Amino acid sequence: MLAWAKLDTCRLRYLRESLDDAQATDCGRCDRCTDHTWQSDPDPILVAKAASYLQGGDVLITPRKQWPTRLEAPKGRIAAESQAQDGRALARLGDGGWDPVVEGLFTLARNGHPFELTEDMVRACAGVLKRWDWSARPTWICPMPSRRSQPLIDAVADAIGTLGKLPVHRALVAESSDLAPEDQFQAAQANSAHQVVNVWHRLRVDPSMLPPSPIGDGPVLLIDDEVDSRWTITVAPHRLVKAGTGPVLPFALRTR
């Protein structure tokens, strides 16, 4: 749809070529062929209302309940107590709400440039947490280790921790990998089994960084930058719970 909106050639020809029509030609009737447009400027009040609605919505992250097949370990169903709880995200890729802001932060942080979390965005994150119907409020925050977005994840964790008066403990750590840097990302893996193996051997818990009881026994808010396959936020809660924490509630800036 984005490519369609940006077309500067015949729209019907684009559609026919997308359907492998070898005889596609310009239609001579669409706005690109005739230089006539039916586009009108939307009512700015309606645009503002739509943006406000989209920025106030919640994006659900559903937990994985079974490991992929063809794995020796882990395998089978994920024990209920080791599963992530239902999670939340601030934005969804391509939405008209917070995604443009999140994308801008990703671009800056992942390229090593300075960035700043706006007060509006931090309060929007807090709004998602406030609307979250969890059975028990988190007692601490754990940032996810990240090769590309660590400064951004840490900044979000610290900002939410300050606003919600929750301690931040960086108990999850990432082991080094023998893979080339470009092959370590989840998107580079061939399938779900490879994605699980990629993080299963990489993520571990540093017991010295866990908060003491009773804080460490309570629910933990796990902060990540982006959720796609959901295997990283499946392995991480499994590791944390096995290390003695309470239930794990994932929160990400964006889902795909």
# chains A, B, ... in the order shown; residues from 1 in each chain; ligands from 1
>>> residues_around(residues="Arg77 in chain A", least_positions_apart="5", cutoff="10 Å", atoms="only C-alpha atoms", output="list of chain:residue names")
A:Arg64, A:Lys65, A:Gln66, A:Trp67, A:Pro68, A:Gln83
>>> closest_residue(among="A:Val248, A:Val122, A:Leu90, A:Leu105", to="Ala159 in chain A", atoms="only C-alpha atoms")
A:Val122
>>> atom_distance(atom1="CA of Ala174 in chain A", atom2="CA of Pro145 in chain A")
6.1 Å
>>> atom_distance(atom1="CA of Trp134 in chain A", atom2="CA of Pro100 in chain A")
27.8 Å
>>> residues_around(residues="range 31-34 of chain A", least_positions_apart="3", cutoff="6 Å", atoms="only C-alpha atoms", output="PyMOL selection string")
chain A and resi 9-10+28+37
>>> closest_residue(among="A:Glu17, A:Asp154, A:Asp86, A:Val197", to="Leu117 in chain A", atoms="only C-alpha atoms")
A:Asp154
>>> residues_around(residues="Ala193 in chain A", least_positions_apart="2", cutoff="8 Å", atoms="only C-alpha atoms", output="ChimeraX atom specification")
/A:68-71,191,195-197
>>> atom_distance(atom1="CA of Ala73 in chain A", atom2="CA of Arg148 in chain A")
27.4 Å
